[in-house]
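> What follows is the file input_8.csv, containing CSV, C-alpha atoms:
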```
chain,number,residue,atom,x,y,z
Y,1,MET,CA,1.5,4.3,14.3
Y,2,LYS,CA,2.0,2.8,17.7
Y,3,PRO,CA,4.9,0.5,18.3
Y,4,GLU,CA,4.2,-2.6,20.2
Y,5,THR,CA,7.3,-2.0,22.3
Y,6,THR,CA,9.5,1.0,22.2
Y,7,ASP,CA,12.6,-1.0,21.2
Y,8,SER,CA,10.8,-2.1,18.0
Y,9,ALA,CA,10.7,1.5,16.7
Y,10,LEU,CA,13.2,2.1,13.9
Y,11,VAL,CA,12.4,5.8,13.7
Y,12,GLU,CA,11.2,8.1,16.5
Y,13,ALA,CA,10.5,11.8,15.9
Y,14,ARG,CA,9.2,14.1,18.6
Y,15,ASN,CA,8.3,17.7,18.0
Y,16,LEU,CA,10.6,17.6,15.0
Y,17,SER,CA,11.0,20.8,12.9
Y,18,VAL,CA,13.3,21.7,10.1
Y,19,SER,CA,13.7,25.3,9.0
Y,20,TYR,CA,15.3,26.9,5.9
Y,21,GLY,CA,15.8,30.4,7.1
Y,22,ALA,CA,12.4,31.8,8.1
Y,23,LYS,CA,10.5,29.0,6.4
Y,24,ARG,CA,9.5,25.9,8.4
Y,25,ALA,CA,9.7,23.1,5.9
Y,26,VAL,CA,8.8,20.5,8.6
Y,27,ASP,CA,6.7,21.9,11.4
Y,28,ASP,CA,6.5,20.1,14.8
Y,29,VAL,CA,5.9,16.6,13.7
Y,30,SER,CA,5.9,13.5,15.9
Y,31,PHE,CA,5.7,9.9,14.7
Y,32,THR,CA,7.1,6.5,15.1
Y,33,ILE,CA,8.1,3.9,12.5
Y,34,PRO,CA,8.1,0.4,14.0
Y,35,LYS,CA,9.8,-2.7,12.5
Y,36,GLY,CA,8.3,-4.5,9.5
Y,37,ARG,CA,6.3,-1.7,8.0
Y,38,VAL,CA,5.8,-0.1,4.6
Y,39,VAL,CA,5.2,3.5,5.3
Y,40,GLY,CA,3.9,5.9,2.7
Y,41,LEU,CA,4.9,9.6,3.0
Y,42,LEU,CA,2.4,11.6,1.2
Y,43,GLY,CA,2.1,15.3,0.5
Y,44,HIS,CA,1.9,17.9,-2.3
Y,45,ASN,CA,5.1,19.4,-3.7
Y,46,GLY,CA,6.7,21.5,-1.1
Y,47,ALA,CA,4.9,19.8,1.8
Y,48,GLY,CA,8.2,18.9,3.4
Y,49,LYS,CA,8.6,15.2,2.4
Y,50,THR,CA,12.1,15.5,1.0
Y,51,THR,CA,13.2,17.6,3.9
Y,52,LEU,CA,11.9,15.1,6.5
Y,53,MET,CA,13.7,12.3,4.7
Y,54,LYS,CA,16.9,14.3,4.5
Y,55,ALA,CA,16.7,15.0,8.3
Y,56,MET,CA,16.3,11.2,8.8
Y,57,VAL,CA,19.7,10.5,7.1
Y,58,GLY,CA,21.5,13.5,8.6
Y,59,LEU,CA,21.4,15.8,5.6
Y,60,ALA,CA,19.2,18.5,7.2
Y,61,GLN,CA,19.6,20.0,10.6
Y,62,PRO,CA,16.4,19.4,12.7
Y,63,GLN,CA,15.1,20.9,15.9
Y,64,GLY,CA,13.4,18.6,18.4
Y,65,GLU,CA,14.1,14.9,18.8
Y,66,LEU,CA,14.9,12.5,16.0
Y,67,THR,CA,16.3,9.0,16.5
Y,68,VAL,CA,16.8,6.7,13.6
Y,69,LEU,CA,17.8,3.1,14.4
Y,70,GLY,CA,18.7,4.4,17.9
Y,71,LEU,CA,21.1,6.9,16.5
Y,72,ASN,CA,21.3,10.6,16.1
Y,73,PRO,CA,21.3,11.1,12.3
Y,74,LEU,CA,23.4,14.3,12.3
Y,75,LYS,CA,26.0,13.2,14.8
Y,76,GLN,CA,26.2,9.5,14.0
Y,77,ARG,CA,25.6,9.6,10.3
Y,78,VAL,CA,28.4,7.2,9.2
Y,79,GLN,CA,27.2,4.6,11.7
Y,80,LEU,CA,23.6,5.2,10.7
Y,81,LEU,CA,24.2,4.7,7.0
Y,82,GLN,CA,25.5,1.2,7.6
Y,83,SER,CA,22.0,0.1,8.5
Y,84,ALA,CA,19.8,2.6,6.7
Y,85,CYS,CA,19.8,3.1,3.0
Y,86,TYR,CA,18.5,6.0,1.0
Y,87,ILE,CA,17.6,6.8,-2.6
Y,88,PRO,CA,17.1,10.6,-2.9
Y,89,ASP,CA,14.8,12.1,-5.4
Y,90,VAL,CA,17.7,13.5,-7.3
Y,91,ALA,CA,19.6,10.1,-7.3
Y,92,ILE,CA,21.7,9.4,-10.4
Y,93,LEU,CA,24.0,6.6,-11.3
Y,94,PRO,CA,27.2,7.6,-13.2
Y,95,ARG,CA,26.3,7.3,-16.9
Y,96,TRP,CA,29.7,6.1,-18.0
Y,97,ALA,CA,29.8,3.2,-15.5
Y,98,ARG,CA,28.9,-0.4,-16.2
Y,99,VAL,CA,26.5,-2.1,-13.7
Y,100,SER,CA,29.4,-4.5,-12.7
Y,101,ASP,CA,31.5,-1.4,-11.9
Y,102,LEU,CA,28.8,-0.1,-9.6
Y,103,ILE,CA,28.8,-3.4,-7.8
Y,104,THR,CA,32.6,-3.2,-7.4
Y,105,LEU,CA,32.3,0.4,-6.2
Y,106,MET,CA,29.6,-0.5,-3.6
Y,107,SER,CA,31.6,-3.5,-2.4
Y,108,GLY,CA,34.4,-1.1,-1.6
Y,109,LEU,CA,32.2,1.6,-0.1
Y,110,HIS,CA,29.7,-0.2,2.0
Y,111,PRO,CA,30.6,-2.8,4.7
Y,112,LYS,CA,27.1,-4.3,4.6
Y,113,PHE,CA,26.8,-4.5,0.8
Y,114,SER,CA,26.6,-8.0,-0.7
Y,115,ALA,CA,27.8,-8.3,-4.3
Y,116,ASP,CA,26.2,-11.7,-4.6
Y,117,ARG,CA,22.9,-10.4,-3.4
Y,118,ALA,CA,23.1,-7.5,-5.8
Y,119,ARG,CA,23.8,-9.9,-8.7
Y,120,ALA,CA,20.9,-12.1,-7.6
Y,121,LEU,CA,18.5,-9.2,-7.5
Y,122,LEU,CA,19.6,-7.9,-10.9
Y,123,LYS,CA,18.8,-11.3,-12.3
Y,124,ARG,CA,15.1,-10.5,-11.7
Y,125,THR,CA,15.5,-7.6,-14.0
Y,126,SER,CA,16.4,-7.1,-17.7
Y,127,VAL,CA,19.5,-5.2,-16.6
Y,128,LYS,CA,22.8,-7.0,-17.5
Y,129,LEU,CA,26.0,-6.6,-15.5
Y,130,SER,CA,27.8,-5.6,-18.6
Y,131,ASP,CA,25.3,-2.8,-19.4
Y,132,LYS,CA,26.4,0.8,-19.2
Y,133,VAL,CA,24.1,3.0,-17.2
Y,134,LYS,CA,23.7,5.4,-20.2
Y,135,SER,CA,22.3,2.5,-22.3
Y,136,LEU,CA,19.6,1.7,-19.7
Y,137,SER,CA,16.0,3.0,-19.8
Y,138,LYS,CA,14.7,5.1,-16.9
Y,139,GLY,CA,12.8,2.1,-15.5
Y,140,MET,CA,15.9,-0.1,-15.8
Y,141,VAL,CA,18.0,2.5,-14.0
Y,142,ALA,CA,15.5,2.7,-11.1
Y,143,GLN,CA,15.5,-1.1,-10.9
Y,144,ALA,CA,19.3,-1.3,-10.9
Y,145,HIS,CA,19.4,1.4,-8.2
Y,146,LEU,CA,16.9,-0.5,-6.1
Y,147,ALA,CA,18.9,-3.8,-6.6
Y,148,LEU,CA,22.1,-2.0,-5.4
Y,149,VAL,CA,20.4,-0.5,-2.4
Y,150,ALA,CA,18.4,-3.6,-1.4
Y,151,ALA,CA,21.7,-5.6,-1.5
Y,152,ILE,CA,22.7,-3.7,1.6
Y,153,ASP,CA,21.8,-5.6,4.7
Y,154,ALA,CA,20.0,-2.7,6.3
Y,155,GLN,CA,17.1,-2.2,8.6
Y,156,LEU,CA,15.5,0.8,7.0
Y,157,MET,CA,15.1,2.0,3.4
Y,158,ILE,CA,14.2,5.5,2.6
Y,159,LEU,CA,12.9,6.1,-0.9
Y,160,ASP,CA,12.2,9.6,-2.1
Y,161,GLU,CA,9.8,9.4,-5.1
Y,162,PRO,CA,11.5,6.3,-6.6
Y,163,THR,CA,9.0,5.8,-9.4
Y,164,LEU,CA,8.8,9.3,-10.6
Y,165,GLY,CA,8.8,9.4,-14.4
Y,166,LEU,CA,8.5,5.6,-14.8
Y,167,ASP,CA,5.9,3.9,-16.9
Y,168,VAL,CA,3.3,1.6,-15.3
Y,169,LEU,CA,5.2,-1.6,-16.0
Y,170,SER,CA,8.4,-0.3,-14.6
Y,171,ARG,CA,6.6,1.0,-11.5
Y,172,LYS,CA,5.0,-2.5,-11.1
Y,173,ALA,CA,8.4,-4.2,-11.4
Y,174,PHE,CA,9.9,-1.8,-8.9
Y,175,TYR,CA,7.2,-2.4,-6.3
Y,176,GLU,CA,7.4,-6.2,-6.9
Y,177,MET,CA,11.1,-6.2,-6.2
Y,178,LEU,CA,10.6,-4.0,-3.1
Y,179,ILE,CA,7.9,-6.3,-1.7
Y,180,ASP,CA,9.5,-9.6,-2.7
Y,181,GLU,CA,13.1,-8.8,-1.8
Y,182,TRP,CA,13.1,-6.2,0.9
Y,183,CYS,CA,10.0,-6.6,3.1
Y,184,ASP,CA,10.7,-9.5,5.4
Y,185,GLY,CA,8.6,-8.5,8.4
Y,186,GLN,CA,11.6,-6.9,10.2
Y,187,ARG,CA,12.9,-4.3,7.9
Y,188,SER,CA,10.9,-1.1,7.2
Y,189,VAL,CA,10.6,1.2,4.2
Y,190,LEU,CA,9.6,4.8,4.0
Y,191,ILE,CA,8.5,5.8,0.6
Y,192,SER,CA,7.3,9.1,-0.8
Y,193,THR,CA,5.2,9.3,-3.9
Y,194,HIS,CA,2.4,11.2,-5.7
Y,195,GLN,CA,0.9,7.9,-7.0
Y,196,VAL,CA,-1.3,7.6,-4.0
Y,197,GLU,CA,-3.9,5.3,-5.6
Y,198,GLU,CA,-1.3,2.9,-6.9
Y,199,ILE,CA,0.7,2.6,-3.7
Y,200,GLU,CA,-2.2,2.3,-1.2
Y,201,SER,CA,-2.4,-1.5,-1.2
Y,202,LEU,CA,1.4,-1.8,-0.6
Y,203,LEU,CA,1.4,0.3,2.5
Y,204,SER,CA,0.9,-0.7,6.1
Y,205,ASP,CA,1.0,2.9,7.4
Y,206,VAL,CA,0.7,6.4,6.1
Y,207,LEU,CA,2.2,9.7,7.1
Y,208,MET,CA,0.6,12.7,5.5
Y,209,LEU,CA,2.2,16.1,5.4
Y,210,ASN,CA,0.5,19.4,4.5
Y,211,GLU,CA,2.6,22.5,4.5
Y,212,GLY,CA,5.1,21.0,6.9
Y,213,LYS,CA,2.5,19.7,9.4
Y,214,LEU,CA,1.7,16.1,9.9
Y,215,VAL,CA,-2.0,15.9,9.3
Y,216,LEU,CA,-2.3,12.1,9.5
Y,217,SER,CA,-0.2,9.3,10.9
Y,218,ILE,CA,-2.1,6.1,10.9
Y,219,SER,CA,-2.0,2.4,9.9
Y,220,LEU,CA,-4.2,1.4,7.0
Y,221,GLU,CA,-6.0,-1.0,9.2
Y,222,ASP,CA,-6.9,1.8,11.6
Y,223,MET,CA,-7.7,4.1,8.7
Y,224,ASP,CA,-10.4,1.6,7.6
Y,225,ARG,CA,-11.9,1.7,11.1
Y,226,ARG,CA,-11.6,5.4,11.8
Y,227,PHE,CA,-12.9,6.9,8.6
Y,228,VAL,CA,-16.3,6.1,7.1
Y,229,ALA,CA,-17.2,6.6,3.5
Y,230,LEU,CA,-20.9,6.5,2.5
Y,231,SER,CA,-22.1,6.4,-1.1
Y,232,HIS,CA,-25.4,7.9,-1.5
Y,233,ASP,CA,-28.1,9.3,-3.8
Y,234,ALA,CA,-28.0,12.9,-5.0
Y,235,SER,CA,-31.4,13.5,-3.3
Y,236,VAL,CA,-29.9,13.1,0.2
Y,237,ALA,CA,-26.8,15.2,-0.5
Y,238,GLU,CA,-28.1,18.1,1.7
Y,239,GLN,CA,-28.6,15.9,4.7
Y,240,MET,CA,-25.2,14.4,4.2
Y,241,ALA,CA,-23.6,17.8,4.0
Y,242,ALA,CA,-25.4,18.8,7.2
Y,243,ALA,CA,-23.4,16.1,9.0
Y,244,HIS,CA,-20.2,17.9,8.1
Y,245,PRO,CA,-18.2,15.3,6.1
Y,246,LEU,CA,-14.5,15.8,5.5
Y,247,LEU,CA,-15.1,15.5,1.8
Y,248,LYS,CA,-17.8,15.1,-0.8
Y,249,TYR,CA,-17.0,13.4,-4.1
Y,250,ARG,CA,-18.4,11.4,-7.0
Y,251,VAL,CA,-18.1,7.7,-7.3
Y,252,GLN,CA,-18.1,5.6,-10.4
Y,253,GLY,CA,-20.4,2.8,-11.4
Y,254,ALA,CA,-22.6,2.8,-8.3
Y,255,GLY,CA,-25.9,3.4,-10.2
Y,256,SER,CA,-27.9,6.3,-8.7
Y,257,MET,CA,-25.7,6.2,-5.6
Y,258,ASN,CA,-23.0,8.2,-7.4
Y,259,GLN,CA,-22.1,10.6,-4.7
Y,260,ALA,CA,-20.1,9.9,-1.6
Y,261,SER,CA,-19.3,11.6,1.7
Y,262,LEU,CA,-16.2,10.9,3.8
Y,263,PHE,CA,-16.5,11.2,7.6
Y,264,ASP,CA,-13.9,11.2,10.3
Y,265,GLY,CA,-15.4,8.8,12.8
Y,266,GLU,CA,-18.9,7.3,12.7
Y,267,PRO,CA,-21.5,9.7,11.4
Y,268,PRO,CA,-24.9,9.7,13.3
Y,269,PRO,CA,-27.1,6.6,12.6
Y,270,HIS,CA,-29.7,8.6,10.8
Y,271,VAL,CA,-27.0,9.8,8.4
Y,272,GLN,CA,-25.6,6.3,8.0
Y,273,ALA,CA,-29.0,5.0,7.1
Y,274,LEU,CA,-29.1,7.3,4.0
Y,275,GLY,CA,-26.1,5.8,2.4
Y,276,LYS,CA,-24.1,2.6,1.8
Y,277,ARG,CA,-20.8,2.1,3.5
Y,278,MET,CA,-17.7,1.9,1.4
Y,279,ARG,CA,-14.0,1.5,1.9
Y,280,PRO,CA,-12.5,4.9,2.5
Y,281,SER,CA,-9.7,5.3,-0.1
Y,282,LEU,CA,-6.4,6.8,0.7
Y,283,VAL,CA,-6.6,9.2,-2.2
Y,284,ASP,CA,-9.9,10.6,-1.0
Y,285,LEU,CA,-8.5,11.1,2.4
Y,286,PHE,CA,-5.4,12.7,0.9
Y,287,VAL,CA,-7.6,15.2,-1.0
Y,288,ALA,CA,-9.7,15.8,2.1
Y,289,LEU,CA,-6.8,16.4,4.5
Y,290,THR,CA,-4.4,18.3,2.3
Y,291,ARG,CA,-6.7,20.8,0.5
Y,292,LYS,CA,-6.2,24.4,1.4
Y,293,PRO,CA,-8.8,25.4,4.0
Y,294,GLU,CA,-10.0,28.4,2.0
Y,295,LEU,CA,-11.0,26.1,-0.8
Y,296,ASP,CA,-12.8,23.8,1.5
Y,297,ARG,CA,-16.3,25.1,1.4
Y,298,THR,CA,-16.5,26.8,-1.9
Y,299,HIS,CA,-17.2,23.6,-3.9
Y,300,PHE,CA,-20.3,21.4,-4.1
H,1,MET,CA,-1.9,-3.5,-12.0
H,2,GLN,CA,-4.5,-5.2,-10.0
H,3,THR,CA,-7.2,-2.8,-9.1
H,4,TRP,CA,-9.1,-2.8,-5.8
H,5,ASP,CA,-12.6,-1.5,-5.6
H,6,GLN,CA,-14.0,0.7,-2.9
H,7,LYS,CA,-16.9,-1.5,-1.9
H,8,GLN,CA,-15.0,-3.8,0.4
H,9,PRO,CA,-11.7,-3.8,2.4
H,10,ILE,CA,-8.8,-4.9,0.2
H,11,TYR,CA,-8.1,-8.0,2.3
H,12,GLN,CA,-11.7,-9.2,1.7
H,13,GLN,CA,-11.3,-8.7,-2.0
H,14,LEU,CA,-8.1,-10.8,-1.9
H,15,ALA,CA,-9.8,-13.4,0.2
H,16,ASP,CA,-12.6,-13.6,-2.5
H,17,ILE,CA,-10.0,-14.0,-5.3
H,18,LEU,CA,-8.2,-16.7,-3.5
H,19,ALA,CA,-11.5,-18.5,-2.6
H,20,ALA,CA,-12.5,-18.4,-6.3
H,21,GLN,CA,-9.1,-20.0,-7.2
H,22,LEU,CA,-9.6,-22.7,-4.5
H,23,LEU,CA,-12.9,-23.5,-6.1
H,24,ASP,CA,-11.1,-24.1,-9.4
H,25,GLY,CA,-8.6,-26.4,-7.5
H,26,GLU,CA,-5.8,-23.9,-7.3
H,27,PRO,CA,-4.2,-25.2,-5.2
H,28,ILE,CA,-6.0,-28.5,-4.7
H,29,GLU,CA,-7.1,-29.8,-1.3
H,30,GLY,CA,-4.2,-31.0,0.9
H,31,GLN,CA,-1.7,-28.8,-0.9
H,32,ALA,CA,0.2,-25.8,0.5
H,33,MET,CA,-0.9,-22.3,-0.2
H,34,PRO,CA,1.6,-19.9,-1.8
H,35,SER,CA,3.7,-18.0,0.8
H,36,VAL,CA,2.6,-14.6,2.2
H,37,ARG,CA,5.5,-13.1,0.4
H,38,ALA,CA,4.7,-14.7,-2.9
H,39,LEU,CA,1.1,-13.5,-2.7
H,40,ALA,CA,2.2,-10.0,-1.6
H,41,GLY,CA,4.5,-9.8,-4.6
H,42,ARG,CA,2.0,-11.2,-7.1
H,43,TYR,CA,-0.8,-8.9,-6.0
H,44,LEU,CA,1.4,-6.0,-5.0
H,45,LEU,CA,-0.1,-6.0,-1.5
H,46,ASN,CA,1.3,-5.3,1.9
H,47,PRO,CA,2.1,-8.7,3.6
H,48,LEU,CA,-0.1,-7.7,6.5
H,49,THR,CA,-3.1,-7.4,4.2
H,50,VAL,CA,-2.2,-10.8,2.7
H,51,ASN,CA,-2.1,-12.2,6.3
H,52,ARG,CA,-5.5,-10.8,7.0
H,53,ALA,CA,-7.0,-12.4,3.9
H,54,LEU,CA,-5.4,-15.8,4.7
H,55,GLN,CA,-6.7,-15.4,8.3
H,56,ALA,CA,-10.2,-14.9,6.9
H,57,LEU,CA,-10.0,-18.0,4.7
H,58,GLY,CA,-8.7,-19.9,7.8
H,59,ASP,CA,-11.7,-18.7,9.8
H,60,GLU,CA,-14.0,-20.1,7.2
H,61,GLY,CA,-12.3,-23.5,7.6
H,62,LEU,CA,-10.7,-23.4,4.1
H,63,LEU,CA,-7.1,-23.3,5.2
H,64,GLU,CA,-5.3,-25.0,8.1
H,65,ASN,CA,-2.0,-24.1,9.7
H,66,ARG,CA,0.4,-27.0,9.8
H,67,ARG,CA,2.9,-26.1,12.4
H,68,GLY,CA,6.2,-25.2,10.9
H,69,LEU,CA,5.0,-25.9,7.4
H,70,GLY,CA,2.6,-23.1,6.7
H,71,LEU,CA,-1.0,-23.0,5.4
H,72,TYR,CA,-2.6,-25.9,3.6
H,73,VAL,CA,-5.9,-26.3,1.8
H,74,THR,CA,-8.2,-28.3,4.1
H,75,ALA,CA,-9.9,-31.5,3.0
H,76,GLY,CA,-13.5,-30.6,2.0
H,77,ALA,CA,-12.6,-26.9,1.3
H,78,ARG,CA,-14.1,-27.1,-2.2
H,79,ASP,CA,-17.3,-28.7,-1.1
H,80,ARG,CA,-17.6,-26.0,1.6
H,81,LEU,CA,-17.0,-23.2,-0.9
H,82,LYS,CA,-19.4,-24.8,-3.4
H,83,ALA,CA,-22.1,-25.0,-0.8
H,84,ALA,CA,-21.5,-21.3,0.2
H,85,GLU,CA,-21.7,-20.3,-3.5
H,86,ARG,CA,-24.9,-22.3,-4.1
H,87,GLU,CA,-26.4,-20.7,-1.0
H,88,ARG,CA,-25.5,-17.3,-2.3
H,89,PHE,CA,-26.9,-18.0,-5.7
H,90,LEU,CA,-30.2,-19.3,-4.4
H,91,HIS,CA,-30.7,-16.5,-1.9
H,92,THR,CA,-29.2,-13.4,-3.5
H,93,GLU,CA,-28.7,-13.9,-7.2
H,94,TRP,CA,-31.7,-16.1,-8.1
H,95,PRO,CA,-34.4,-13.8,-6.7
H,96,ARG,CA,-32.9,-10.9,-8.8
H,97,LEU,CA,-32.6,-13.0,-11.9
H,98,ARG,CA,-36.2,-14.3,-11.4
H,99,GLU,CA,-37.4,-10.7,-11.1
H,100,ARG,CA,-35.7,-9.8,-14.3
H,101,LEU,CA,-37.1,-12.8,-16.1
H,102,ARG,CA,-40.6,-11.9,-15.0
H,103,ARG,CA,-40.2,-8.3,-16.0
H,104,LEU,CA,-39.0,-9.4,-19.5
H,105,GLY,CA,-41.8,-12.1,-19.7
H,106,ILE,CA,-39.4,-14.9,-20.2
H,107,GLY,CA,-40.6,-18.4,-19.2
H,108,ALA,CA,-38.6,-21.5,-18.4
H,109,GLU,CA,-39.5,-23.1,-21.7
H,110,GLN,CA,-38.0,-20.2,-23.6
H,111,LEU,CA,-34.6,-20.6,-22.0
H,112,ASN,CA,-32.0,-22.7,-23.7
H,113,TRP,CA,-30.9,-25.3,-21.2
H,114,GLU,CA,-28.5,-27.0,-23.6
H,115,GLU,CA,-24.8,-26.2,-23.9
H,116,ARG,CA,-25.1,-25.1,-27.6
H,117,ALA,CA,-27.4,-22.7,-29.2
```
Render the structure in this file as structure tokens.


Amino acid sequence: MKPETTDSALVEARNLSVSYGAKRAVDDVSFTIPKGRVVGLLGHNGAGKTTLMKAMVGLAQPQGELTVLGLNPLKQRVQLLQSACYIPDVAILPRWARVSDLITLMSGLHPKFSADRARALLKRTSVKLSDKVKSLSKGMVAQAHLALVAAIDAQLMILDEPTLGLDVLSRKAFYEMLIDEWCDGQRSVLISTHQVEEIESLLSDVLMLNEGKLVLSISLEDMDRRFVALSHDASVAEQMAAAHPLLKYRVQGAGSMNQASLFDGEPPPHVQALGKRMRPSLVDLFVALTRKPELDRTHF
Amino acid sequence: MQTWDQKQPIYQQLADILAAQLLDGEPIEGQAMPSVRALAGRYLLNPLTVNRALQALGDEGLLENRRGLGLYVTAGARDRLKAAERERFLHTEWPRLRERLRRLGIGAEQLNWEERA
């Protein structure tokens, strides 16, 4: 992710690490998040996603450089949280409260929270102001939470697995509200999830973590250009394998061309001639780049 | 949720969907296209992807940018689309269909050209 100009960057991390005792949860990562982006933070459980997000809002002590909205998250946390909002993966709303109570609470707590905006956002959902949190379904709670957070006039939203445990319709409603009501070309959102396939089309950029290390930081547009996926016949599998693809996998509904190989960069022309070019999908890249190395060559 | 295949870039798939709608008169010529945000919300796409799709339709002369107002369907967009579709049918689909008809031994006289069976 390259910012057009440095001042358009909302987040800048350089050689950033976060350790818990001897364990490096985030290991020497550098990246930039410019304005107006939807950035997916992908990684297996324990890859360091939550830790990285915590560091960005001053909840974990990092080594290296980290600037969020031009501020130091650890030292200027109060100031930062006026313009950055965060839903942690363990977020809960008080069960006894009514939604209207939460709006009153937020109005008192946050200088940039707009109660009118929150009410307008909630109108999109089936959540009523008089509803108690404990009477809401999981999907409704997630939507109420998003509405409360999106009613903050902030620059950056950080969402740690916001759709975990939600059914498909609730996830869709959540993403719809995020795209419709938050993304205005200026504000950015960083969102972590395991639903890689589902979120791909929403993203402008992706950050991929594997065991604390950043294995990929790229815009989806550049991803399409850099990685080449070729679907091919089983009969040419050996020639494909000889060209060292990142990943070999099966594809659906492509007739006899039911195998595919994913390459980092253009494979040699004689290899390209053996297959048909496809769009490299994020989930395939995710599998290719976050597998454990020792598993890499035992399959296929 | 809308699913996107792996054959083409997502923006191209959206451009195809929007072109098919234009052919059906949605929206009709001279009318405004839905906003980038509306399309992004409807198809759950990143706005940048929507922009690329609209750009592609603009490059084909189907949409025009009216300064300060947004994108509008150009006059003659449907004719242009229909011509492109006919071209594609005659050069890509018809040879395949003809081949299949030959293989099955079906002649023109055996085909029902009327609306009803």

> Determine, counting only C-alpha atoms, which protein, DNA and RNA residues have an atom within 8 Å of an atom of region 8-17 of chain H; residues of the same chain fewer than 5 positions away are not included. Present the result as a list of chain:residue names.

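Residues near the query, excluding close chain neighbours: Y:Ser201, Y:Asp224, Y:Met278, Y:Arg279, H:Thr49, H:Val50, H:Arg52, H:Ala53, H:Leu54, H:Ala56, H:Leu57.
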
> For region 98-112 of chain Y, please output as JSON, numbers by chain all residues within 6 Å (counting only C-alpha atoms; exclusion window: fewer than 3 positions along the same chain).

{"Y": [129, 130, 131, 132, 133, 152, 153]}

> Store the residues picked out above, limited to C-alpha atoms, as a PDB file, in the frame of the given file.


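Saved result, part_18.pdb, follows:
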```
ATOM      1  CA  LEU Y 129      26.000  -6.600 -15.500  1.00  0.00           C
ATOM      2  CA  SER Y 130      27.800  -5.600 -18.600  1.00  0.00           C
ATOM      3  CA  ASP Y 131      25.300  -2.800 -19.400  1.00  0.00           C
ATOM      4  CA  LYS Y 132      26.400   0.800 -19.200  1.00  0.00           C
ATOM      5  CA  VAL Y 133      24.100   3.000 -17.200  1.00  0.00           C
ATOM      6  CA  ILE Y 152      22.700  -3.700   1.600  1.00  0.00           C
ATOM      7  CA  ASP Y 153      21.800  -5.600   4.700  1.00  0.00           C
TER       8      ASP Y 153
END
```

> Restrict the distance test to all atoms listed in the file, flag each residue of chain H within 10 Å of chain Y, and return the flagged residues as an MDAnalysis selection string.

chainID H and resid 1:11 36:49

> So that I can check the surroundings of Ser126 (chain Y), please list as a PyMOL selection string every protein, DNA and RNA residue that reaches within 10 Å of it, counting all atoms listed in the file and ignoring chain neighbours fewer than 5 positions away.

chain Y and resi 136+140+143-144

> If you keep C-alpha atoms, can you produce a file of those selected residues as an mmCIF file, in the frame of the given file?


```
data_model
loop_
_atom_site.group_PDB
_atom_site.id
_atom_site.type_symbol
_atom_site.label_atom_id
_atom_site.label_comp_id
_atom_site.auth_asym_id
_atom_site.auth_seq_id
_atom_site.Cartn_x
_atom_site.Cartn_y
_atom_site.Cartn_z
ATOM 1 C CA LEU Y 136 19.600 1.700 -19.700
ATOM 2 C CA MET Y 140 15.900 -0.100 -15.800
ATOM 3 C CA GLN Y 143 15.500 -1.100 -10.900
ATOM 4 C CA ALA Y 144 19.300 -1.300 -10.900
#
```

> Please provide as a list in words all residues within 6 Å of region 13-19 of chain Y, with the sequence filter that same-chain residues fewer than 2 positions apart are discarded (counting all atoms listed in the file).

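Answer for this query is Gly21, Lys23, Arg24, Ala25, Val26, Asp27, Asp28, Val29, Ser30, Phe31, Pro62, Gln63, Gly64, Glu65 and Leu66 of chain Y.
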
> Using only C-alpha atoms, pick whichever of Y:Val78, Y:Val215, Y:Met223, Y:Ala55 has the shortest atom-to-atom distance to Ala288 (chain Y).

Y:Val215

> Which residues are near Ser188 (chain Y)? Cut-off 9 Å, only C-alpha atoms, ignore same chain within fewer than 5 positions. Put them as a list in words.

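The residues satisfying every condition are Leu10, Ile33, Pro34, Lys35, Gly36, Arg37, Val38, Val39, Gln155, Leu156, Met157, Ile158, Trp182 and Cys183 of chain Y.
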
> Kindly give the distance, in Å, that separates CA of Arg86 (chain H) and CA of Ala19 (chain H), rounded to a single decimal.

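Interatomic distance here is 14.0 Å.
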
> I'd like the interatomic distance between CA of Val271 (chain Y) and CA of Ser256 (chain Y), to a tenth of an Å.

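Separation of CA of Val271 (chain Y) and CA of Ser256 (chain Y): 17.5 Å.
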
> For a test of reading the model, state the distance in Å between CA of Val11 (chain Y) and CA of Pro73 (chain Y), rounded to one decimal.

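Taking CA of Val11 (chain Y) as the start and CA of Pro73 (chain Y) as the end point, the length is 10.5 Å.
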
> Generate the coordinates of N, CA and C atoms for region 19-24 of chain H; report them as an mmCIF file, in the coordinates of the input.


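What follows is the written file result.cif:
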```
data_model
loop_
_atom_site.group_PDB
_atom_site.id
_atom_site.type_symbol
_atom_site.label_atom_id
_atom_site.label_comp_id
_atom_site.auth_asym_id
_atom_site.auth_seq_id
_atom_site.Cartn_x
_atom_site.Cartn_y
_atom_site.Cartn_z
ATOM 1 N N ALA H 19 -10.398 -17.490 -2.785
ATOM 2 C CA ALA H 19 -11.500 -18.500 -2.600
ATOM 3 C C ALA H 19 -11.930 -18.970 -4.008
ATOM 4 N N ALA H 20 -12.041 -18.042 -4.963
ATOM 5 C CA ALA H 20 -12.500 -18.400 -6.300
ATOM 6 C C ALA H 20 -11.411 -19.379 -6.927
ATOM 7 N N GLN H 21 -10.140 -19.134 -6.635
ATOM 8 C CA GLN H 21 -9.100 -20.000 -7.200
ATOM 9 C C GLN H 21 -9.164 -21.399 -6.487
ATOM 10 N N LEU H 22 -9.448 -21.405 -5.191
ATOM 11 C CA LEU H 22 -9.600 -22.700 -4.500
ATOM 12 C C LEU H 22 -10.707 -23.511 -5.093
ATOM 13 N N LEU H 23 -11.782 -22.823 -5.450
ATOM 14 C CA LEU H 23 -12.900 -23.500 -6.100
ATOM 15 C C LEU H 23 -12.520 -24.144 -7.386
ATOM 16 N N ASP H 24 -11.589 -23.503 -8.102
ATOM 17 C CA ASP H 24 -11.100 -24.100 -9.400
ATOM 18 C C ASP H 24 -9.951 -25.074 -9.113
#
```
